[in-house]
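K.L.:
Sharing a structure below in C-alpha cells format, with a few things to ask.
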Amino acid sequence: MQNDPLIIAGREFTSRLWVGTGKYKDFAETKKAIEASGADVVTVAVRRVNITDRSKDNLLDYLDPKKYTILPNTAGCYNVEDALRYARLARAAGVSDLIKLEVLGDERTLFPDTAGLIEAAKILVKEGFIVLPYTNDDPIVAQKLVDVGCPAVMPLAAPIGSGLGIRNPYNLKIIMEMIKVPIIVDAGVGTASDAAFAMELGADAVLMNTAIAGAQDPIAMAEAMKYAVHAGRLAYKAGRITRKLYATASSPIEGML
Amino acid sequence: MTDAIQIQVNGEQRGCRADATVGDLLRELAIKTERVAVELNLEILERKDFDQRSLKQGDRVEILSFIGGGAPVAAQYRGRGLVHAE
C-alpha cells in the first residue's frame, strides 16, 4: 500500500503483515514464503549456536538485513529474568534495540504472564529497548504496557499456533479505540479471512507464523495473507456500512412500470 | 606451550589453551562474530571485548545466535490441546 506507512518509535514500515520464521521445512522455503508475504519485519528467536556441527546454514544468511527488519523475540521465556536475559542477548547479537517481548505464563495455552510482561517491559524500556510486547486481549494491560513506554502493543487473536482466528473481536476493538499506539494483532490467525478481519477491526498490522508455515502450501498462503492484510486495511480506511436488520434497495423505485 | 584448561561451551565440556581469549575460542569453532552474542559466566560481552577477555578454568561460555522463530513450538503439538477438525 502506497503512502500508508506504519510508524513505530519513529521507524517506518511499509508492510502491515509481519511474519515469523519458525516451523518451515528449510531456509529456502522460509525465504520464499517471506518474499511472497511482502513482509518487511521478520521475527527470529535467540538460541545456542550449534558448536558441534558448523556446517549448518544460518537463517540470517537467507535474509537480507537491508530488506528486512529483524525482530528478535524472547519466545520460550516463562519468567521476567529469562526474558531480560534473552532480550539483552538479542541486542548484543547486534541487530537492533527492537525486541518482541514474550513472558509466557503457561505451557498449554502459551498465554502471556501479563504481570511479568509489564515488569520486564518497564526494565527493558529503561535500558533503551524498543519493546513490542506480546500480550493478552486485555485493554487495561495494554494501557499499562503503553504507560511503561511500549511504542506498540501486540495483543493475541487466539493462542499461539492455534489457528482459531479472532476469538474476541470486541476486546480487540476496545484496545484499538483506547490505546493510542499502533496495535499489532499477534498470534492465533488461521487463514486469510482472519487476517482481513483483524485489519478491518482497525489493527495497524498483523503478525503471524504458523498460519503460513503450517499451511499445506506455505508460499501460496503467504501470498493470500498479503492480499488479506491489504484488503482489510483498505476496507478499514474506506469505512464499512452500518449493519441493518432489514433490506435497503440498491435500485431506485422511480421509473418502474 | 601453556597448560590446557577445561571450560564449558554451550553446556558442553571442552579443553582450551590457558591463554586463549573468547575471540580465540570463536575462531577455533569457526563462528563468525557478526550476529552472535556471547555470555561469559552470565555476563554478556561486547563484541569489541571478545579479543580482550581471556578464559579461565571452569568458565561457562554461552554462544547464541538467531534461529527461525515466531513462537515457541510447544503444547499444541503434545496432544493436550483443543484440536478442531477443519
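Letters A, B, ... mark the chains of the C-alpha cells in the order given; residue numbers begin at 1 per chain; ligand numbers begin at 1, in order shown.
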For chain A, list the residues within 6 Å of chain B, counting only C-alpha atoms, and write the list as a short mmCIF file (atom, residue, chain, number, x, y, z; two decimals) with C-alpha atoms, in the first residue's frame.

P.N.:
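See out.cif below for the written result:
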data_model
loop_
_atom_site.label_atom_id
_atom_site.label_comp_id
_atom_site.auth_asym_id
_atom_site.auth_seq_id
_atom_site.Cartn_x
_atom_site.Cartn_y
_atom_site.Cartn_z
CA GLY A 20 7.70 -15.32 12.00
CA THR A 21 10.40 -17.56 10.61
CA GLY A 22 9.81 -20.76 12.58
CA THR A 43 10.73 -12.34 13.89
CA VAL A 44 13.55 -14.60 14.99
CA ALA A 45 14.40 -16.46 18.18
CA VAL A 46 17.69 -16.42 20.09
CA ARG A 47 19.21 -19.83 20.70
CA ARG A 48 22.55 -21.54 21.30
CA VAL A 49 24.78 -21.85 18.24
CA LEU A 59 18.89 -18.24 8.85
CA ALA A 75 9.92 -16.85 22.90
CA GLY A 76 10.08 -19.66 25.39
CA LEU A 89 21.50 -11.30 24.32
CA ALA A 92 24.27 -8.00 21.98
CA ALA A 93 24.00 -10.17 18.88
CA GLY A 94 23.85 -6.84 17.19
CA GLU A 107 2.80 -24.08 28.51
CA ARG A 108 -0.54 -25.39 27.44
CA ASN A 209 3.92 -17.55 11.75
#

K.L.:
Could you give me, as a compact mmCIF listing (two decimals) with all heavy atoms, in the first residue's frame, the residues within 12 Å of Val148 of chain A, counting only C-alpha atoms and dropping anything in the same chain fewer than 5 positions from it?

P.N.:
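Dumped to around.txt:
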# COMPACT_ATOMS: atom_id res chain seq x y z
N LEU A 117 5.11 -9.52 32.23
CA LEU A 117 5.33 -8.80 30.98
C LEU A 117 5.51 -7.30 31.24
O LEU A 117 6.44 -6.67 30.71
CB LEU A 117 4.13 -9.04 30.04
CG LEU A 117 4.19 -8.41 28.66
CD1 LEU A 117 5.26 -9.07 27.81
CD2 LEU A 117 2.83 -8.53 27.97
N ILE A 118 4.63 -6.74 32.05
CA ILE A 118 4.70 -5.30 32.36
C ILE A 118 6.01 -4.99 33.10
O ILE A 118 6.70 -4.02 32.78
CB ILE A 118 3.47 -4.85 33.19
CG1 ILE A 118 2.18 -5.01 32.35
CG2 ILE A 118 3.62 -3.40 33.65
CD1 ILE A 118 0.89 -4.95 33.15
N GLU A 119 6.35 -5.87 34.04
CA GLU A 119 7.59 -5.67 34.81
C GLU A 119 8.82 -5.71 33.88
O GLU A 119 9.68 -4.83 33.95
CB GLU A 119 7.67 -6.79 35.86
CG GLU A 119 8.75 -6.58 36.89
CD GLU A 119 8.89 -7.78 37.82
OE1 GLU A 119 7.90 -8.54 38.00
OE2 GLU A 119 10.00 -7.98 38.34
N ALA A 120 8.86 -6.72 33.02
CA ALA A 120 10.01 -6.86 32.10
C ALA A 120 10.05 -5.69 31.12
O ALA A 120 11.13 -5.15 30.83
CB ALA A 120 9.93 -8.19 31.36
N ALA A 121 8.88 -5.28 30.63
CA ALA A 121 8.82 -4.18 29.66
C ALA A 121 9.38 -2.90 30.28
O ALA A 121 10.16 -2.18 29.65
CB ALA A 121 7.37 -3.96 29.20
N LYS A 122 9.01 -2.64 31.51
CA LYS A 122 9.44 -1.43 32.22
C LYS A 122 10.97 -1.39 32.31
O LYS A 122 11.60 -0.36 32.03
CB LYS A 122 8.83 -1.46 33.63
CG LYS A 122 8.93 -0.17 34.36
CD LYS A 122 8.13 -0.27 35.66
CE LYS A 122 8.22 1.02 36.44
NZ LYS A 122 7.41 0.95 37.67
N ILE A 123 11.56 -2.52 32.66
CA ILE A 123 13.03 -2.60 32.80
C ILE A 123 13.71 -2.41 31.44
O ILE A 123 14.66 -1.64 31.30
CB ILE A 123 13.43 -3.95 33.45
CG1 ILE A 123 12.90 -4.02 34.89
CG2 ILE A 123 14.96 -4.13 33.42
CD1 ILE A 123 12.92 -5.41 35.50
N LEU A 124 13.20 -3.09 30.43
CA LEU A 124 13.85 -3.03 29.11
C LEU A 124 13.71 -1.65 28.47
O LEU A 124 14.64 -1.18 27.80
CB LEU A 124 13.29 -4.12 28.19
CG LEU A 124 13.68 -5.56 28.60
CD1 LEU A 124 12.93 -6.58 27.75
CD2 LEU A 124 15.18 -5.79 28.49
N VAL A 125 12.56 -1.01 28.67
CA VAL A 125 12.39 0.35 28.14
C VAL A 125 13.44 1.27 28.77
O VAL A 125 14.09 2.07 28.08
CB VAL A 125 10.96 0.88 28.40
CG1 VAL A 125 10.88 2.39 28.17
CG2 VAL A 125 9.94 0.16 27.52
N LYS A 126 13.67 1.11 30.07
CA LYS A 126 14.69 1.93 30.77
C LYS A 126 16.08 1.66 30.22
O LYS A 126 16.95 2.53 30.26
CB LYS A 126 14.66 1.64 32.27
CG LYS A 126 13.53 2.39 32.95
CD LYS A 126 13.67 2.38 34.46
CE LYS A 126 12.46 3.03 35.11
NZ LYS A 126 11.96 2.30 36.26
N PHE A 129 15.59 -0.28 25.14
CA PHE A 129 14.99 -1.17 24.14
C PHE A 129 13.70 -0.56 23.59
O PHE A 129 13.01 0.19 24.28
CB PHE A 129 14.62 -2.52 24.78
CG PHE A 129 15.77 -3.45 24.99
CD1 PHE A 129 16.54 -3.39 26.16
CD2 PHE A 129 16.10 -4.40 24.04
CE1 PHE A 129 17.59 -4.25 26.36
CE2 PHE A 129 17.15 -5.27 24.24
CZ PHE A 129 17.91 -5.19 25.40
N ILE A 130 13.41 -0.92 22.35
CA ILE A 130 12.10 -0.63 21.76
C ILE A 130 11.29 -1.90 21.97
O ILE A 130 11.51 -2.90 21.29
CB ILE A 130 12.22 -0.26 20.28
CG1 ILE A 130 13.05 1.03 20.14
CG2 ILE A 130 10.84 -0.09 19.63
CD1 ILE A 130 13.56 1.27 18.74
N VAL A 131 10.42 -1.87 22.96
CA VAL A 131 9.75 -3.09 23.42
C VAL A 131 8.38 -3.24 22.77
O VAL A 131 7.50 -2.40 22.94
CB VAL A 131 9.60 -3.09 24.96
CG1 VAL A 131 8.90 -4.36 25.43
CG2 VAL A 131 10.96 -2.93 25.64
N LEU A 132 8.22 -4.32 22.02
CA LEU A 132 6.94 -4.65 21.42
C LEU A 132 6.41 -5.89 22.16
O LEU A 132 6.87 -6.99 21.93
CB LEU A 132 7.11 -4.94 19.92
CG LEU A 132 7.89 -3.86 19.13
CD1 LEU A 132 8.01 -4.25 17.67
CD2 LEU A 132 7.21 -2.51 19.25
N PRO A 133 5.46 -5.69 23.07
CA PRO A 133 5.05 -6.78 23.94
C PRO A 133 3.91 -7.63 23.37
O PRO A 133 2.90 -7.11 22.89
CB PRO A 133 4.58 -6.05 25.20
CG PRO A 133 4.08 -4.74 24.70
CD PRO A 133 4.84 -4.40 23.45
N VAL A 141 -4.33 -4.08 30.52
CA VAL A 141 -2.92 -4.48 30.44
C VAL A 141 -2.24 -3.73 29.29
O VAL A 141 -1.12 -3.24 29.42
CB VAL A 141 -2.78 -6.01 30.26
CG1 VAL A 141 -1.34 -6.40 29.95
CG2 VAL A 141 -3.27 -6.74 31.51
N ALA A 142 -2.94 -3.62 28.16
CA ALA A 142 -2.38 -2.91 27.01
C ALA A 142 -2.02 -1.48 27.39
O ALA A 142 -0.95 -0.98 27.06
CB ALA A 142 -3.37 -2.93 25.84
N GLN A 143 -2.92 -0.82 28.14
CA GLN A 143 -2.65 0.56 28.57
C GLN A 143 -1.45 0.63 29.51
O GLN A 143 -0.62 1.53 29.41
CB GLN A 143 -3.90 1.17 29.24
CG GLN A 143 -3.73 2.63 29.62
CD GLN A 143 -3.41 3.52 28.41
OE1 GLN A 143 -4.15 3.53 27.43
NE2 GLN A 143 -2.29 4.24 28.47
N VAL A 153 1.65 -2.23 20.89
CA VAL A 153 1.19 -3.34 21.72
C VAL A 153 0.73 -4.46 20.79
O VAL A 153 0.13 -4.19 19.75
CB VAL A 153 0.04 -2.90 22.65
CG1 VAL A 153 -0.46 -4.06 23.50
CG2 VAL A 153 0.48 -1.76 23.56

K.L.:
Could you please determine the separation between atom CA of Val206 of chain A and atom CA of Met154 of chain A in Å, to one decimal place?

P.N.:
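Pair atom CA of Val206 of chain A / atom CA of Met154 of chain A returns 8.7 Å.
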
K.L.:
Excluding Ala196 of chain A and any residue of its chain fewer than 3 positions from it, enumerate the residues within 6 Å of it, using only C-alpha atoms, and give them as a short mmCIF file (atom, residue, chain, number, x, y, z; two decimals) with all heavy atoms, in the first residue's frame.

P.N.:
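That gives us out-v3.cif:
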data_model
loop_
_atom_site.label_atom_id
_atom_site.label_comp_id
_atom_site.auth_asym_id
_atom_site.auth_seq_id
_atom_site.Cartn_x
_atom_site.Cartn_y
_atom_site.Cartn_z
N SER A 193 -9.01 -14.85 5.87
CA SER A 193 -10.13 -14.04 6.35
C SER A 193 -9.89 -13.54 7.78
O SER A 193 -10.35 -12.47 8.15
CB SER A 193 -11.44 -14.81 6.25
OG SER A 193 -11.32 -16.06 6.90
N MET A 199 -7.59 -6.62 10.43
CA MET A 199 -7.30 -5.31 9.84
C MET A 199 -8.57 -4.46 9.73
O MET A 199 -8.54 -3.25 9.93
CB MET A 199 -6.64 -5.47 8.47
CG MET A 199 -5.27 -6.12 8.50
SD MET A 199 -4.06 -5.32 9.58
CE MET A 199 -3.78 -3.78 8.73
N ALA A 228 -4.90 -10.37 2.00
CA ALA A 228 -5.91 -10.25 3.07
C ALA A 228 -5.62 -9.03 3.94
O ALA A 228 -6.53 -8.25 4.25
CB ALA A 228 -5.91 -11.52 3.92
N VAL A 229 -4.37 -8.85 4.31
CA VAL A 229 -4.00 -7.71 5.16
C VAL A 229 -4.22 -6.40 4.38
O VAL A 229 -4.76 -5.43 4.91
CB VAL A 229 -2.53 -7.85 5.65
CG1 VAL A 229 -2.01 -6.55 6.26
CG2 VAL A 229 -2.44 -8.99 6.66
N GLY A 232 -8.04 -5.88 4.05
CA GLY A 232 -8.60 -5.50 5.35
C GLY A 232 -8.27 -4.06 5.70
O GLY A 232 -9.10 -3.31 6.21
#

K.L.:
Near Gln13 of chain B, counting only C-alpha atoms, which residues have an atom at most 10 Å away, once you skip same-chain residues fewer than 6 positions from it, shown as JSON, numbers by chain?

P.N.:
{"B": [6, 7, 58, 59, 60]}

K.L.:
According to DSSP computed on the backbone, where in segment 52-243 of chain A is there strand (DSSP E)? Give the residues as a VMD selection string.

P.N.:
chain A and resid 69 to 72 98 to 101 130 to 135 154 to 155 184 to 186 205 to 208

K.L.:
One decimal, Å: what's the distance from atom CA of Ile174 of chain A over to atom CA of Pro155 of chain A, could you say?

P.N.:
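Value for the atom CA of Ile174 of chain A-atom CA of Pro155 of chain A distance: 11.6 Å.
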
K.L.:
Can you measure atom CA of Ala231 of chain A to atom CA of Lys100 of chain A for me? One decimal in Å is fine.

P.N.:
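Computed distance, atom CA of Ala231 of chain A to atom CA of Lys100 of chain A, equals 25.8 Å.
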
K.L.:
Compile the contact shell of segment 50-54 of chain B as a JSON list (two decimals) with N, CA, C and O atoms, in the first residue's frame: residues with an atom at most 6 Å away, counting only C-alpha atoms, same-chain residues fewer than 4 positions apart removed.

P.N.:
[["chain", "number", "residue", "atom", "x", "y", "z"],
["B", 20, "ALA", "N", 43.98, -18.55, 26.06],
["B", 20, "ALA", "CA", 43.03, -18.24, 24.99],
["B", 20, "ALA", "C", 42.04, -17.17, 25.41],
["B", 20, "ALA", "O", 41.66, -17.07, 26.58],
["B", 21, "THR", "N", 41.62, -16.36, 24.43],
["B", 21, "THR", "CA", 40.57, -15.38, 24.69],
["B", 21, "THR", "C", 39.26, -15.90, 24.11],
["B", 21, "THR", "O", 39.24, -16.91, 23.39],
["B", 22, "VAL", "N", 38.20, -15.18, 24.40],
["B", 22, "VAL", "CA", 36.89, -15.53, 23.83],
["B", 22, "VAL", "C", 36.97, -15.48, 22.30],
["B", 22, "VAL", "O", 36.44, -16.35, 21.60],
["B", 23, "GLY", "N", 37.67, -14.49, 21.79],
["B", 23, "GLY", "CA", 37.86, -14.36, 20.34],
["B", 23, "GLY", "C", 38.56, -15.59, 19.76],
["B", 23, "GLY", "O", 38.17, -16.09, 18.70]]

K.L.:
Of the candidates A:Thr114, A:Gly163, A:Glu81, A:Asp217, which shows the shortest atom-to-atom distance to Lys144 of chain A, using only C-alpha atoms?

P.N.:
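Closest to Lys144 of chain A of all the choices is A:Thr114.
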
K.L.:
Can you pull out every residue within 10 Å of segment 24-39 of chain A, counting only C-alpha atoms, but drop anything in the same chain fewer than 4 positions away, and send it as a count of residues only?

P.N.:
40

K.L.:
Could you pull out the residues in segment 37-248 of chain A that DSSP calls helix (DSSP H, G or I) from the backbone, as an MDAnalysis selection string?

P.N.:
chainID A and resid 37 59:61 80:92 114:126 139:147 169:178 192:201 210:213 218:238
